[in-house]
Amino acid sequence: MPPLPFEQRRRETTAKLAALMLANAFIFQEQLSGIEGKVKPIRELLASRDFIGKAAQHWKMIVDEINYVPIFKVARDILLSMPGDADAAVRQRIVRLKLFRERRPYDMT
């Protein structure tokens, strides 16, 4: 297979990094929700009709009020740059990757 043109490789690398940063932010949010009362678990955001909008709004609160700028500022910018029809795809990927904690009857968190 011939090597990809530089521009295509650059775009693919950027997309992979953006996806990694989003996954990192969602995982960190889920962990943070267990210790910080203001932070909602991902499951609560998934119930929203506008998942990307709710996540971006929630991450703004995390940046402004809790000051987790390095993770959530960049991830929020990525979310806000996504096309309007990306909501379902992002939601499906989160569910598929199980980036949120499963609720179990014995789970006290």
# chains A, B, ... in the order shown; residues from 1 in each chain; ligands from 1
>>> select_by_dssp(residues="chain A", states="alpha helix (DSSP H)", output="PyMOL selection string")
chain A and resi 6-33+42-46+51-61+69-81+87-97
>>> residues_around(residues="range 81-90 of chain A", least_positions_apart="6", cutoff="9 Å", atoms="only C-alpha atoms", output="PDB file with N, CA, C and O atoms, in the first residue's frame")
ATOM      1  N   ASP A  50     -29.460  16.443  24.160  1.00  0.00           N
ATOM      2  CA  ASP A  50     -28.294  17.080  23.533  1.00  0.00           C
ATOM      3  C   ASP A  50     -27.052  16.731  24.350  1.00  0.00           C
ATOM      4  O   ASP A  50     -26.581  17.535  25.146  1.00  0.00           O
ATOM      5  N   PHE A  51     -26.548  15.529  24.152  1.00  0.00           N
ATOM      6  CA  PHE A  51     -25.438  15.038  24.963  1.00  0.00           C
ATOM      7  C   PHE A  51     -24.198  15.923  24.839  1.00  0.00           C
ATOM      8  O   PHE A  51     -23.602  16.317  25.844  1.00  0.00           O
ATOM      9  N   ILE A  52     -23.794  16.255  23.619  1.00  0.00           N
ATOM     10  CA  ILE A  52     -22.592  17.070  23.422  1.00  0.00           C
ATOM     11  C   ILE A  52     -22.758  18.442  24.074  1.00  0.00           C
ATOM     12  O   ILE A  52     -21.861  18.928  24.756  1.00  0.00           O
ATOM     13  N   GLY A  53     -23.912  19.051  23.878  1.00  0.00           N
ATOM     14  CA  GLY A  53     -24.165  20.365  24.486  1.00  0.00           C
ATOM     15  C   GLY A  53     -24.122  20.314  26.001  1.00  0.00           C
ATOM     16  O   GLY A  53     -23.535  21.183  26.650  1.00  0.00           O
TER      17      GLY A  53
END
>>> residues_around(residues="range 15-30 of chain A", least_positions_apart="3", cutoff="8 Å", atoms="only C-alpha atoms", output="JSON, numbers by chain")
{"A": [11, 12, 33, 34, 39, 40, 41, 42, 71, 72, 74, 75, 78, 79, 99, 100, 101]}
>>> write_last_selection(atoms="N, CA and C atoms", output="mmCIF file, in the first residue's frame")
data_model
loop_
_atom_site.group_PDB
_atom_site.id
_atom_site.type_symbol
_atom_site.label_atom_id
_atom_site.label_comp_id
_atom_site.auth_asym_id
_atom_site.auth_seq_id
_atom_site.Cartn_x
_atom_site.Cartn_y
_atom_site.Cartn_z
ATOM 1 N N ARG A 11 -4.236 14.781 9.363
ATOM 2 C CA ARG A 11 -5.644 14.808 9.779
ATOM 3 C C ARG A 11 -6.002 13.580 10.608
ATOM 4 N N GLU A 12 -5.530 12.422 10.192
ATOM 5 C CA GLU A 12 -5.811 11.195 10.942
ATOM 6 C C GLU A 12 -5.184 11.248 12.335
ATOM 7 N N SER A 33 -16.643 12.374 39.515
ATOM 8 C CA SER A 33 -18.024 12.393 40.015
ATOM 9 C C SER A 33 -18.174 11.597 41.310
ATOM 10 N N GLY A 34 -17.275 10.673 41.538
ATOM 11 C CA GLY A 34 -17.322 9.882 42.767
ATOM 12 C C GLY A 34 -16.806 10.617 43.993
ATOM 13 N N VAL A 39 -19.807 17.400 40.230
ATOM 14 C CA VAL A 39 -19.548 16.720 38.957
ATOM 15 C C VAL A 39 -20.543 15.575 38.767
ATOM 16 N N LYS A 40 -21.251 15.632 37.640
ATOM 17 C CA LYS A 40 -22.255 14.609 37.331
ATOM 18 C C LYS A 40 -21.589 13.408 36.676
ATOM 19 N N PRO A 41 -22.108 12.215 36.954
ATOM 20 C CA PRO A 41 -21.598 11.035 36.250
ATOM 21 C C PRO A 41 -22.027 11.071 34.778
ATOM 22 N N ILE A 42 -21.294 10.402 33.930
ATOM 23 C CA ILE A 42 -21.581 10.390 32.496
ATOM 24 C C ILE A 42 -22.988 9.882 32.221
ATOM 25 N N ILE A 71 -7.403 19.441 31.383
ATOM 26 C CA ILE A 71 -8.127 18.340 30.758
ATOM 27 C C ILE A 71 -9.400 18.835 30.081
ATOM 28 N N PHE A 72 -10.209 19.564 30.814
ATOM 29 C CA PHE A 72 -11.553 19.863 30.348
ATOM 30 C C PHE A 72 -11.653 21.048 29.399
ATOM 31 N N VAL A 74 -9.536 21.902 26.849
ATOM 32 C CA VAL A 74 -9.226 21.414 25.501
ATOM 33 C C VAL A 74 -10.318 20.450 25.027
ATOM 34 N N ALA A 75 -10.750 19.540 25.899
ATOM 35 C CA ALA A 75 -11.783 18.581 25.519
ATOM 36 C C ALA A 75 -13.088 19.297 25.175
ATOM 37 N N ILE A 78 -12.856 20.742 21.766
ATOM 38 C CA ILE A 78 -13.028 19.681 20.769
ATOM 39 C C ILE A 78 -14.510 19.372 20.588
ATOM 40 N N LEU A 79 -15.223 19.208 21.705
ATOM 41 C CA LEU A 79 -16.660 18.932 21.618
ATOM 42 C C LEU A 79 -17.394 20.015 20.833
ATOM 43 N N LEU A 99 -17.223 3.950 29.149
ATOM 44 C CA LEU A 99 -16.417 4.951 29.843
ATOM 45 C C LEU A 99 -17.075 5.423 31.136
ATOM 46 N N PHE A 100 -18.198 4.827 31.481
ATOM 47 C CA PHE A 100 -18.874 5.177 32.722
ATOM 48 C C PHE A 100 -18.952 3.933 33.594
ATOM 49 N N ARG A 101 -19.133 4.173 34.869
ATOM 50 C CA ARG A 101 -19.218 3.051 35.810
ATOM 51 C C ARG A 101 -20.572 2.376 35.709
#
>>> atom_distance(atom1="CA of Ala56 in chain A", atom2="CA of Arg76 in chain A")
5.3 Å
>>> atom_distance(atom1="CA of Arg91 in chain A", atom2="CA of Asp77 in chain A")
17.2 Å
>>> closest_residue(among="A:Arg43, A:Arg10, A:Lys98, A:Lys38", to="Trp59 in chain A", atoms="only C-alpha atoms")
A:Lys38
>>> closest_residue(among="A:Lys73, A:Leu4, A:Ile94, A:Arg9", to="Lys60 in chain A", atoms="only C-alpha atoms")
A:Lys73
>>> closest_residue(among="A:Ile35, A:Leu46, A:Ile66, A:Met61", to="Gln92 in chain A", atoms="only C-alpha atoms")
A:Leu46
